[in-house]
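Source file: structure_0.txt. Holds: compact mmCIF, C-alpha atoms.
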# COMPACT_ATOMS: atom_id res chain seq x y z
CA MET A 118 87.90 103.96 17.67
CA THR A 119 91.62 104.54 17.63
CA TRP A 120 94.16 102.68 19.67
CA GLY A 121 94.83 105.72 21.88
CA ARG A 122 91.21 106.09 22.82
CA MET A 123 90.97 102.41 23.65
CA SER A 124 94.01 102.70 25.94
CA LEU A 125 92.51 105.62 27.82
CA ALA A 126 89.23 103.78 28.27
CA GLY A 127 91.07 100.71 29.56
CA ILE A 128 93.07 102.76 32.05
CA ALA A 129 89.91 104.47 33.28
CA GLY A 130 88.17 101.11 33.70
CA ILE A 131 91.10 99.70 35.65
CA ALA A 132 91.11 102.77 37.92
CA ILE A 133 87.39 102.41 38.60
CA ILE A 134 87.76 98.72 39.40
CA ALA A 135 90.75 99.45 41.68
CA GLY A 136 88.69 102.09 43.47
CA PHE A 137 85.87 99.65 44.08
CA VAL A 138 88.32 97.02 45.33
CA TRP A 139 90.00 99.50 47.68
CA ALA A 140 86.62 100.70 49.00
CA LEU A 141 85.45 97.17 49.68
CA TRP A 142 88.75 95.95 51.09
CA PRO A 143 88.57 95.41 54.94
CA GLN A 144 90.17 98.34 56.81
CA PRO A 145 92.15 97.94 60.07
CA THR A 146 90.02 98.55 63.16
CA PRO A 147 91.26 101.59 65.11
CA VAL A 148 91.93 100.69 68.76
CA ASP A 149 93.52 102.22 71.85
CA LEU A 150 96.84 100.68 72.74
CA GLY A 151 98.63 100.38 76.05
CA ARG A 152 102.06 99.09 76.95
CA VAL A 153 103.28 96.44 79.33
CA SER A 154 105.69 98.20 81.67
CA SER A 155 107.88 97.50 84.66
CA GLY A 156 107.96 99.62 87.78
CA PRO A 157 106.52 100.12 91.27
CA LEU A 158 103.02 98.81 91.94
CA GLN A 159 100.74 99.49 94.86
CA GLY A 160 97.52 97.91 96.03
CA GLU A 161 95.25 100.50 97.54
CA ILE A 162 91.77 101.35 98.76
CA ARG A 163 90.48 104.80 97.96
CA ALA A 164 88.14 106.51 100.39
CA GLU A 165 87.21 109.87 101.80
CA GLY A 166 88.29 110.94 105.26
CA VAL A 167 88.09 113.82 107.71
CA THR A 168 90.87 115.57 109.61
CA ARG A 169 90.69 115.53 113.39
CA VAL A 170 92.86 117.02 116.13
CA ARG A 171 94.25 114.30 118.37
CA GLU A 172 93.27 114.60 122.02
CA PRO A 173 91.20 117.80 121.89
CA TYR A 174 90.37 119.34 125.26
CA ALA A 175 86.67 120.05 125.82
CA ILE A 176 86.29 122.68 128.54
CA THR A 177 83.01 122.69 130.47
CA ALA A 178 81.56 124.92 133.17
CA PRO A 179 82.66 123.64 136.61
CA ILE A 180 79.81 125.46 138.37
CA THR A 181 76.41 126.87 137.58
CA GLY A 182 76.73 130.59 136.98
CA HIS A 183 76.82 133.48 134.57
CA ALA A 184 79.39 132.95 131.79
CA GLN A 185 80.75 136.29 130.67
CA ARG A 186 81.47 137.12 127.03
CA ALA A 187 84.25 134.82 125.83
CA PRO A 188 87.69 136.49 125.95
CA VAL A 189 88.91 134.32 123.04
CA ALA A 190 87.64 133.49 119.55
CA GLU A 191 87.97 130.51 117.22
CA GLY A 192 91.51 130.25 115.92
CA ASP A 193 93.11 132.19 118.78
CA ALA A 194 96.34 130.73 120.15
CA VAL A 195 96.33 129.88 123.86
CA VAL A 196 99.12 129.03 126.30
CA ALA A 197 98.69 126.35 128.95
CA GLY A 198 98.24 127.78 132.45
CA GLU A 199 98.31 131.40 131.25
CA THR A 200 95.54 132.29 128.80
CA VAL A 201 92.13 132.91 130.38
CA VAL A 202 89.60 131.19 128.12
CA ALA A 203 86.39 131.62 130.15
CA THR A 204 85.09 133.62 133.11
CA ILE A 205 82.12 132.52 135.21
CA SER A 206 80.49 134.63 137.92
CA PRO A 207 77.89 133.42 140.44
CA PRO A 208 74.29 133.58 139.26
CA ASP A 209 72.41 136.79 140.05
CA PRO A 210 70.24 136.73 143.22
CA ALA A 211 66.54 136.44 142.53
CA LEU A 212 64.30 139.50 142.76
CA MET A 213 62.08 139.58 145.91
CA ASP A 214 58.43 140.50 146.09
CA SER A 215 57.11 142.71 148.90
CA ARG A 216 56.14 139.82 151.17
CA THR A 217 59.48 138.05 150.78
CA ARG A 218 61.35 141.29 151.46
CA ALA A 219 59.22 141.99 154.56
CA GLN A 220 59.99 138.51 155.87
CA ALA A 221 63.71 139.00 155.22
CA GLU A 222 63.71 142.38 156.99
CA ALA A 223 61.89 140.85 159.98
CA ALA A 224 64.50 138.10 160.11
CA VAL A 225 67.24 140.75 160.22
CA THR A 226 65.49 142.56 163.09
CA GLU A 227 65.11 139.27 164.95
CA ALA A 228 68.79 138.45 164.44
CA GLN A 229 69.84 141.91 165.66
CA ALA A 230 67.80 141.43 168.83
CA ALA A 231 69.42 138.03 169.34
CA VAL A 232 72.86 139.65 169.05
CA GLU A 233 71.95 142.29 171.65
CA PHE A 234 70.61 139.59 173.98
CA ALA A 235 73.80 137.54 173.55
CA GLU A 236 75.95 140.60 174.29
CA THR A 237 73.98 141.28 177.48
CA THR A 238 74.28 137.65 178.52
CA LEU A 239 78.03 137.78 177.94
CA ARG A 240 78.43 140.89 180.09
CA GLN A 241 76.40 139.23 182.85
CA SER A 242 78.53 136.09 182.65
CA GLU A 243 81.75 138.10 182.74
CA SER A 244 80.51 139.94 185.87
CA SER A 245 79.69 136.65 187.59
CA TYR A 246 83.07 135.31 186.56
CA ALA A 247 84.88 138.29 188.06
CA HIS A 248 82.95 137.91 191.35
CA ALA A 249 83.68 134.17 191.50
CA ALA A 250 87.38 134.81 190.89
CA GLN A 251 87.46 137.36 193.72
CA GLN A 252 85.69 134.98 196.13
CA LEU A 253 88.07 132.16 195.23
CA SER A 254 91.09 134.36 195.88
CA ARG A 255 89.80 135.33 199.34
CA GLY A 256 88.87 131.77 200.17
CA GLN A 257 92.36 130.53 199.35
CA ALA A 258 93.86 133.12 201.69
CA LEU A 259 91.50 132.13 204.51
CA ALA A 260 92.04 128.44 203.90
CA ASP A 261 95.79 128.91 204.14
CA GLY A 262 95.26 130.46 207.58
CA GLY A 263 92.93 127.67 208.67
CA THR A 264 89.97 130.00 209.05
CA ILE A 265 87.62 128.10 206.69
CA PRO A 266 87.39 124.39 206.02
CA VAL A 267 88.66 122.77 202.85
CA ARG A 268 85.11 121.90 201.75
CA MET A 269 84.16 125.57 201.57
CA LEU A 270 87.23 126.24 199.43
CA GLU A 271 86.14 123.45 197.07
CA ASP A 272 82.70 125.07 196.73
CA LEU A 273 84.34 128.39 195.84
CA GLN A 274 86.50 126.62 193.21
CA ALA A 275 83.41 124.96 191.68
CA ALA A 276 81.60 128.30 191.52
CA TYR A 277 84.60 129.82 189.77
CA ASP A 278 84.76 127.00 187.19
CA SER A 279 81.01 127.32 186.52
CA ALA A 280 81.34 131.07 185.96
CA ASP A 281 84.22 130.49 183.55
CA GLN A 282 82.16 128.00 181.52
CA SER A 283 79.24 130.44 181.47
CA VAL A 284 81.50 133.10 179.93
CA GLN A 285 82.65 130.71 177.19
CA ALA A 286 79.05 129.66 176.47
CA ALA A 287 77.97 133.31 176.27
CA ARG A 288 80.77 134.11 173.82
CA ALA A 289 79.81 131.15 171.62
CA GLN A 290 76.18 132.24 171.69
CA LEU A 291 77.22 135.76 170.64
CA ASP A 292 79.21 134.37 167.69
CA LEU A 293 76.22 132.25 166.67
CA SER A 294 73.87 135.23 166.87
CA ARG A 295 76.20 137.40 164.79
CA ALA A 296 76.42 134.67 162.11
CA SER A 297 72.63 134.44 162.04
CA LEU A 298 72.50 138.21 161.55
CA LEU A 299 74.88 138.01 158.58
CA ARG A 300 72.79 135.22 157.07
CA ALA A 301 69.61 137.25 157.46
CA GLN A 302 71.26 140.32 155.94
CA ALA A 303 72.45 138.23 152.99
CA GLN A 304 68.84 137.35 152.21
CA LEU A 305 68.23 141.04 151.48
CA LEU A 306 70.90 141.21 148.76
CA GLY A 307 69.44 141.75 145.27
CA PRO A 308 70.90 141.70 141.75
CA GLU A 309 72.34 145.17 142.31
CA ALA A 310 74.89 143.61 144.68
CA MET A 311 76.60 142.01 141.67
CA PHE A 312 77.65 145.49 140.50
CA ASP A 313 79.03 146.73 143.83
CA PRO A 314 82.39 148.44 142.98
CA GLU A 315 83.67 147.69 146.50
CA ARG A 316 83.13 143.98 146.06
CA PRO A 317 86.50 142.13 146.10
CA GLU A 318 87.59 140.75 142.73
CA SER A 319 88.20 137.30 144.18
CA ALA A 320 84.53 137.08 145.15
CA CYS A 321 83.37 138.03 141.66
CA CYS A 322 84.42 135.43 139.18
CA LEU A 323 85.93 132.05 138.48
CA ARG A 324 88.56 132.34 135.78
CA ILE A 325 89.34 129.24 133.71
CA VAL A 326 92.78 129.04 132.08
CA ALA A 327 93.79 126.89 129.12
CA PRO A 328 94.71 123.33 130.22
CA ARG A 329 97.08 122.94 127.24
CA SER A 330 98.70 125.05 124.54
CA GLY A 331 97.12 125.14 121.10
CA VAL A 332 94.32 127.01 119.35
CA VAL A 333 90.63 127.45 120.07
CA LEU A 334 88.78 125.04 117.78
CA THR A 335 85.16 125.74 118.70
CA LEU A 336 83.16 128.03 120.96
CA ALA A 337 79.76 126.92 122.22
CA ASP A 338 78.62 130.56 122.39
CA ARG A 339 80.72 133.70 122.53
CA ASN A 340 77.99 135.79 124.16
CA ALA A 341 77.35 136.13 127.89
CA ARG A 342 74.77 133.66 129.19
CA LEU A 343 73.64 131.56 132.13
CA VAL A 344 75.26 128.11 132.13
CA GLN A 345 74.69 124.97 134.12
CA ALA A 346 77.49 122.95 135.65
CA GLY A 347 78.92 120.67 132.95
CA ALA A 348 77.74 122.81 130.02
CA PRO A 349 80.31 122.90 127.15
CA LEU A 350 82.17 126.20 126.76
CA LEU A 351 84.90 125.65 124.16
CA THR A 352 87.34 123.12 122.68
CA ILE A 353 91.12 123.50 122.47
CA GLY A 354 93.47 121.45 120.29
CA ASP A 355 96.94 121.40 118.76
CA LEU A 356 96.91 121.63 114.95
CA ASP A 357 100.44 120.20 114.89
CA ASP A 358 99.08 116.91 116.23
CA MET A 359 96.40 115.80 113.77
CA GLU A 360 94.94 112.56 112.49
CA ILE A 361 92.86 111.38 109.54
CA VAL A 362 89.66 109.46 110.30
CA ILE A 363 88.48 107.13 107.51
CA ASP A 364 85.37 104.93 107.56
CA LEU A 365 85.85 101.78 105.46
CA LEU A 366 83.58 98.88 104.68
CA SER A 367 84.24 96.11 107.17
CA SER A 368 85.28 93.79 104.31
CA ASP A 369 87.92 96.34 103.26
CA ALA A 370 89.06 97.17 106.78
CA VAL A 371 90.20 93.60 107.49
CA ARG A 372 92.55 93.81 104.47
CA VAL A 373 94.44 96.83 105.80
CA PRO A 374 97.72 95.69 107.40
CA GLU A 375 98.98 97.00 110.72
CA GLY A 376 100.87 100.28 110.33
CA ALA A 377 99.69 100.76 106.74
CA ARG A 378 100.63 103.96 104.91
CA ALA A 379 98.08 106.30 103.39
CA LEU A 380 98.57 109.04 100.82
CA ILE A 381 96.33 112.05 101.38
CA GLU A 382 95.17 114.12 98.43
CA GLY A 383 92.31 116.42 97.59
CA TRP A 384 92.86 118.49 100.75
CA GLY A 385 93.29 121.73 98.83
CA GLY A 386 97.05 121.74 98.33
CA ASP A 387 99.22 120.53 95.46
CA THR A 388 101.31 118.07 97.47
CA LEU A 389 100.57 114.56 98.68
CA LEU A 390 100.49 114.20 102.45
CA GLU A 391 101.56 111.05 104.22
CA ALA A 392 99.80 109.30 107.08
CA ARG A 393 100.23 106.02 108.95
CA LEU A 394 97.62 103.75 110.51
CA ARG A 395 97.53 104.02 114.29
CA ARG A 396 94.38 102.18 115.28
CA VAL A 397 91.47 100.23 113.83
CA GLU A 398 88.45 100.53 116.10
CA PRO A 399 87.22 97.08 117.14
CA ALA A 400 83.48 97.72 116.70
CA ALA A 401 81.75 98.40 113.39
CA PHE A 402 78.71 100.63 112.97
CA THR A 403 75.84 100.75 110.49
CA ARG A 404 75.59 103.50 107.91
CA VAL A 405 72.97 103.89 105.18
CA SER A 406 74.51 104.63 101.79
CA ALA A 407 73.21 107.13 99.25
CA LEU A 408 71.40 104.23 97.57
CA GLY A 409 69.60 103.34 100.79
CA ILE A 410 71.71 100.25 101.49
CA GLU A 411 72.79 99.50 105.05
CA GLU A 412 76.57 99.09 105.26
CA GLN A 413 78.79 97.94 108.09
CA ARG A 414 81.71 100.29 108.38
CA VAL A 415 84.81 100.40 110.56
CA ARG A 416 86.61 103.55 111.66
CA LEU A 417 90.37 103.74 111.03
CA ARG A 418 92.59 106.44 112.53
CA PHE A 419 95.78 107.52 110.75
CA ASP A 420 98.47 109.77 112.23
CA LEU A 421 99.25 112.65 109.87
CA LEU A 422 103.03 112.54 109.42
CA SER A 423 103.52 115.55 107.13
CA PRO A 424 104.68 118.62 109.10
CA ARG A 425 102.43 121.64 109.34
CA GLU A 426 104.63 123.59 106.91
CA GLU A 427 103.64 121.16 104.14
CA ARG A 428 99.90 121.50 104.82
CA PRO A 429 99.20 125.20 105.42
CA GLY A 430 95.59 125.99 106.16
CA LEU A 431 94.57 122.41 106.95
CA GLY A 432 92.46 122.42 110.09
CA GLU A 433 89.92 120.47 112.09
CA GLY A 434 87.08 118.72 110.24
CA PHE A 435 88.44 119.19 106.69
CA ARG A 436 87.46 116.63 104.06
CA VAL A 437 90.27 114.78 102.28
CA ARG A 438 90.70 111.88 99.86
CA ALA A 439 92.91 109.02 100.99
CA ARG A 440 94.66 106.14 99.24
CA VAL A 441 95.23 103.44 101.84
CA LEU A 442 98.14 101.24 100.69
CA LEU A 443 97.55 97.53 101.22
CA TRP A 444 100.90 96.44 99.75
CA GLU A 445 103.81 97.89 97.76
CA ALA A 446 106.30 96.39 95.27
CA ASP A 447 109.23 98.18 93.60
CA ASP A 448 109.92 96.38 90.28
CA VAL A 449 106.89 94.58 88.84
CA VAL A 450 105.96 93.73 85.22
CA GLN A 451 102.43 95.08 84.91
CA VAL A 452 99.67 95.38 82.35
CA PRO A 453 96.74 97.82 82.29
CA ARG A 454 93.62 96.19 83.72
CA ALA A 455 91.64 97.81 80.90
CA ALA A 456 93.30 95.38 78.47
CA MET A 457 92.27 92.22 80.34
CA PHE A 458 89.20 90.11 79.67
CA ARG A 459 88.00 86.75 80.87
CA ASP A 460 89.13 83.66 78.99
CA GLY A 461 87.40 80.72 80.62
CA THR A 462 88.66 80.64 84.19
CA GLY A 463 91.71 82.74 83.38
CA TRP A 464 92.59 86.04 81.81
CA ALA A 465 93.68 87.04 78.31
CA VAL A 466 94.66 90.12 76.31
CA PHE A 467 94.98 91.08 72.64
CA VAL A 468 98.59 91.84 71.73
CA HIS A 469 99.36 94.17 68.82
CA GLU A 470 101.91 92.51 66.53
CA GLY A 471 102.42 93.30 62.83
CA GLY A 472 99.15 95.19 62.60
CA ARG A 473 97.21 92.21 63.90
CA ALA A 474 95.42 91.46 67.18
CA LEU A 475 96.79 88.25 68.66
CA ARG A 476 94.95 86.64 71.56
CA ARG A 477 97.24 85.67 74.42
CA GLY A 478 96.43 84.07 77.76
CA ILE A 479 98.18 85.56 80.78
CA GLU A 480 98.66 84.77 84.44
CA ILE A 481 98.28 87.68 86.84
CA GLY A 482 99.16 88.25 90.46
CA ARG A 483 98.30 91.22 92.63
CA GLU A 484 96.20 94.05 91.27
CA SER A 485 95.95 97.77 91.88
CA ALA A 486 93.16 100.09 90.80
CA ASP A 487 94.52 100.43 87.23
CA MET A 488 97.28 97.83 86.78
CA ALA A 489 97.80 94.11 87.34
CA GLU A 490 101.00 92.18 88.01
CA VAL A 491 101.99 89.87 85.13
CA LEU A 492 103.34 86.51 86.26
CA ALA A 493 103.42 84.85 82.82
CA GLY A 494 102.32 85.39 79.22
CA LEU A 495 103.62 88.91 78.51
CA GLU A 496 106.96 90.65 78.37
CA GLU A 497 107.85 94.23 79.13
CA GLY A 498 107.29 96.55 76.16
CA ALA A 499 104.49 94.56 74.51
CA GLU A 500 101.55 96.58 73.18
CA VAL A 501 98.06 95.48 74.23
CA VAL A 502 94.60 96.57 73.13
CA LEU A 503 92.75 98.62 75.73
CA PHE A 504 89.02 98.09 76.19
CA PRO A 505 88.80 95.39 73.47
CA ALA A 506 85.41 95.20 71.79
CA SER A 507 83.48 91.95 71.91
CA SER A 508 83.61 91.86 68.09
CA LEU A 509 87.44 91.85 68.01
CA THR A 510 88.72 88.45 66.90
CA GLU A 511 92.02 86.64 66.68
CA GLY A 512 94.15 87.94 63.79
CA ALA A 513 91.94 90.95 63.04
CA ALA A 514 93.71 93.93 61.46
CA ILE A 515 94.04 96.81 63.91
CA SER A 516 95.68 100.22 64.01
CA ASP A 517 96.56 102.65 66.76
CA ARG A 518 93.79 105.22 67.10
CA ALA A 519 96.28 107.76 68.41
CA GLY A 520 98.20 107.60 65.11
CA LEU A 521 95.08 108.51 63.12
CA ARG A 522 94.56 111.83 64.85
Could the structure of this file be written out as structure tokens, please?
Amino acid sequence: MTWGRMSLAGIAGIAIIAGFVWALWPQPTPVDLGRVSSGPLQGEIRAEGVTRVREPYAITAPITGHAQRAPVAEGDAVVAGETVVATISPPDPALMDSRTRAQAEAAVTEAQAAVEFAETTLRQSESSYAHAAQQLSRGQALADGGTIPVRMLEDLQAAYDSADQSVQAARAQLDLSRASLLRAQAQLLGPEAMFDPERPESACCLRIVAPRSGVVLTLADRNARLVQAGAPLLTIGDLDDMEIVIDLLSSDAVRVPEGARALIEGWGGDTLLEARLRRVEPAAFTRVSALGIEEQRVRLRFDLLSPREERPGLGEGFRVRARVLLWEADDVVQVPRAAMFRDGTGWAVFVHEGGRALRRGIEIGRESADMAEVLAGLEEGAEVVLFPASSLTEGAAISDRAGLR
């Protein structure tokens, strides 16, 4: 074997050995890296909410009657004191059977006879009154001449007064009889009277006007129907004056500060809307979760501050997602929570330095959903391992997974 062939064989052997060494040499573990940053930090609770119109006006039927077809529809604008939103007419009279009609007709005949009797009585009383007045006039003339005694004149005066009272009683009886006749005639009215063209408009219907300006939110029923007093007809509200209603767990509700801000998203638009806490209801209620667990929840009401121009199309009862801000800080050193893991009673992270993972204990303060405030142990700009595996150890070689793509 020549020297040249031996050299080639040696080089090949060295290459093979180097390949084996390289293949067996430990490779850096690819990891996801995050960065310690400085900036604003917010503590928040995320929940779903529903839009509501503040102070909606529920209009109900003031009387029992026949509600005509609604003159307005959902979404129509109404003006306070001008727009007619409902019309109610008296209920139709009941249909009468033959016996009931015969009784009503007999009552009319009886009332007519009573009127005729009262008219005759009045004429008789007026005649007696005229005679008594004539006798009193003559008696006064004779008494002035001393022809008759004073006692006889007093008797004539009493007869005159009695005749006058009889006339007044007869007139009252005539009025009473005429009213009884009208009442008896009214009993004969049937449903056809509701369609009398000569019936005055004021006697037909009760028109209800809008108590406030806004839009019609809901209609109980647009069709004509019989309604009882107190039955709901429609609801009116102002879409410029809206609120967000959010139901939180009672343990979360007590953490929300007075006047807290909320950022509204997921309402269908591209912009974030702003709301502010107005009231936390004092009583909690029980709700069963999707997992069948009973939860105590508290209702929070937020005033929607964004003008209507920034939330076109947002109406009553729309679902939204809210981020209720518990606290806010402007310039905070923060680390991703995904990089943190428990180290005894404290917290630690793996810092990426020189291609190695270095374990470092940290002290944290307030936390948000994704970030935590760093009080000690890290400086701004440091790279930390996100979602560190349980097999990752101190000093292990690591590399950025993003750089391998």
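Nearest to Val148 in chain A of all the residues A:Gly498, A:Gly472, A:Pro188, A:Pro173 is A:Gly472, counting all atoms listed in the file.
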Closest to Arg324 in chain A among A:Asp278, A:Glu199, A:Glu480, A:Asp420, using all atoms listed in the file?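 For Arg324 in chain A, the nearest of the candidates is A:Glu199.
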Val344 in chain A proximity check over A:Gly512, A:Gly182, A:Gly434, A:Gly160, using all atoms listed in the file: winner is A:Gly182
Please identify all polymer residues within 7 Å of Ala327 in chain A, counting only C-alpha atoms, omitting same-chain residues fewer than 3 positions from it, and present them as a list in words.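 Residues near the query, excluding close chain neighbours: Val195, Val196, Ala197, Gly198, Glu199, Thr200, Val201, Val202 and Ser330 of chain A.
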Axis-aligned box for all listed atoms of range 360-373 of chain A, 8 Å per side, centre and edges in Å to one decimal, as lines of an AutoDock Vina configuration file:
center_x = 89.3
center_y = 103.1
center_z = 107.9
size_x = 27.4
size_y = 35.0
size_z = 25.2
So which residues fall inside 8 Å of (95.9, 95.8, 80.6) if we count only C-alpha atoms? Mind giving them as a PyMOL selection string? chain A and resi 151-153+451-457+466+488-489+501-503
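In this structure, CA of Glu445 in chain A sits 7.4 Å away from CA of Pro157 in chain A.
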Nearest to Arg342 in chain A among A:Leu509, A:Pro145, A:Asp209, A:Gly156, with distances taken over only C-alpha atoms: which residue is it?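 Between A:Leu509, A:Pro145, A:Asp209, A:Gly156, the residue approaching Arg342 in chain A most closely is A:Asp209.
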Would you mind reading off the distance between CA of Asp149 in chain A and CA of Ile481 in chain A, one decimal, in Å?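 That distance, rounded to one decimal, is 21.4 Å.
A straight line drawn from CA of Ala235 in chain A to CA of Arg295 in chain A is 9.1 Å long.
Closest approach to Ala301 in chain A among A:Ala499, A:Ser508, A:Arg288, A:Val225 is made by A:Val225 (distances from all atoms listed in the file).
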From the options A:Asp358, A:Asp517, A:Asp364, A:Glu165, which residue's atoms come nearest to His469 in chain A, counting all atoms listed in the file?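 Closest to His469 in chain A, using all atoms listed in the file: A:Asp517.
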For range 215-223 of chain A: contacts at 9 Å, only C-alpha atoms, fewer than 2 positions along chain excluded, given as a PyMOL selection string: chain A and resi 213+225-228+301-302+304-305
Residues near range 239-244 of chain A, anyone? I mean within 10 Å using only C-alpha atoms, not counting same-chain ones fewer than 2 positions away, as a VMD selection string. chain A and resid 233 to 237 246 to 250 279 to 291
Output of the above residues as a PDB file, in the frame of the given file, restricted to C-alpha atoms:
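Saved to result25.pdb:
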ATOM      1  CA  GLU A 233      71.950 142.290 171.650  1.00  0.00           C
ATOM      2  CA  PHE A 234      70.610 139.590 173.980  1.00  0.00           C
ATOM      3  CA  ALA A 235      73.800 137.540 173.550  1.00  0.00           C
ATOM      4  CA  GLU A 236      75.950 140.600 174.290  1.00  0.00           C
ATOM      5  CA  THR A 237      73.980 141.280 177.480  1.00  0.00           C
ATOM      6  CA  TYR A 246      83.070 135.310 186.560  1.00  0.00           C
ATOM      7  CA  ALA A 247      84.880 138.290 188.060  1.00  0.00           C
ATOM      8  CA  HIS A 248      82.950 137.910 191.350  1.00  0.00           C
ATOM      9  CA  ALA A 249      83.680 134.170 191.500  1.00  0.00           C
ATOM     10  CA  ALA A 250      87.380 134.810 190.890  1.00  0.00           C
ATOM     11  CA  SER A 279      81.010 127.320 186.520  1.00  0.00           C
ATOM     12  CA  ALA A 280      81.340 131.070 185.960  1.00  0.00           C
ATOM     13  CA  ASP A 281      84.220 130.490 183.550  1.00  0.00           C
ATOM     14  CA  GLN A 282      82.160 128.000 181.520  1.00  0.00           C
ATOM     15  CA  SER A 283      79.240 130.440 181.470  1.00  0.00           C
ATOM     16  CA  VAL A 284      81.500 133.100 179.930  1.00  0.00           C
ATOM     17  CA  GLN A 285      82.650 130.710 177.190  1.00  0.00           C
ATOM     18  CA  ALA A 286      79.050 129.660 176.470  1.00  0.00           C
ATOM     19  CA  ALA A 287      77.970 133.310 176.270  1.00  0.00           C
ATOM     20  CA  ARG A 288      80.770 134.110 173.820  1.00  0.00           C
ATOM     21  CA  ALA A 289      79.810 131.150 171.620  1.00  0.00           C
ATOM     22  CA  GLN A 290      76.180 132.240 171.690  1.00  0.00           C
ATOM     23  CA  LEU A 291      77.220 135.760 170.640  1.00  0.00           C
TER      24      LEU A 291
END
Residue completion, range 477-494 of chain A, N, CA and C atoms, as a compact mmCIF listing (two decimals), in the frame of the given file:
# COMPACT_ATOMS: atom_id res chain seq x y z
N ARG A 477 96.20 86.31 73.63
CA ARG A 477 97.24 85.67 74.42
C ARG A 477 96.75 85.54 75.87
N GLY A 478 96.79 84.31 76.37
CA GLY A 478 96.43 84.07 77.76
C GLY A 478 97.55 84.51 78.69
N ILE A 479 97.18 85.06 79.82
CA ILE A 479 98.18 85.56 80.78
C ILE A 479 97.83 85.06 82.17
N GLU A 480 98.84 85.08 83.03
CA GLU A 480 98.66 84.77 84.44
C GLU A 480 99.00 86.02 85.24
N ILE A 481 98.08 86.44 86.09
CA ILE A 481 98.28 87.68 86.84
C ILE A 481 98.41 87.38 88.33
N GLY A 482 99.01 88.35 89.02
CA GLY A 482 99.16 88.25 90.46
C GLY A 482 98.33 89.32 91.16
N ARG A 483 99.01 90.17 91.89
CA ARG A 483 98.30 91.22 92.63
C ARG A 483 97.83 92.32 91.69
N GLU A 484 96.79 93.01 92.10
CA GLU A 484 96.20 94.05 91.27
C GLU A 484 96.08 95.35 92.06
N SER A 485 96.25 96.46 91.33
CA SER A 485 95.95 97.77 91.88
C SER A 485 94.68 98.28 91.21
N ALA A 486 94.38 99.55 91.40
CA ALA A 486 93.16 100.09 90.80
C ALA A 486 93.22 100.08 89.28
N ASP A 487 94.41 100.30 88.69
CA ASP A 487 94.52 100.43 87.23
C ASP A 487 95.40 99.37 86.59
N MET A 488 96.30 98.75 87.36
CA MET A 488 97.28 97.83 86.78
C MET A 488 97.21 96.47 87.48
N ALA A 489 97.74 95.45 86.79
CA ALA A 489 97.80 94.11 87.34
C ALA A 489 99.19 93.54 87.12
N GLU A 490 99.68 92.80 88.11
CA GLU A 490 101.00 92.18 88.01
C GLU A 490 100.95 91.00 87.03
N VAL A 491 101.91 90.94 86.12
CA VAL A 491 101.99 89.87 85.13
C VAL A 491 102.98 88.82 85.63
N LEU A 492 102.48 87.61 85.84
CA LEU A 492 103.34 86.51 86.26
C LEU A 492 103.84 85.69 85.07
N ALA A 493 103.04 85.61 84.01
CA ALA A 493 103.42 84.85 82.82
C ALA A 493 102.54 85.27 81.66
N GLY A 494 103.10 85.15 80.42
CA GLY A 494 102.32 85.39 79.22
C GLY A 494 102.65 86.68 78.50
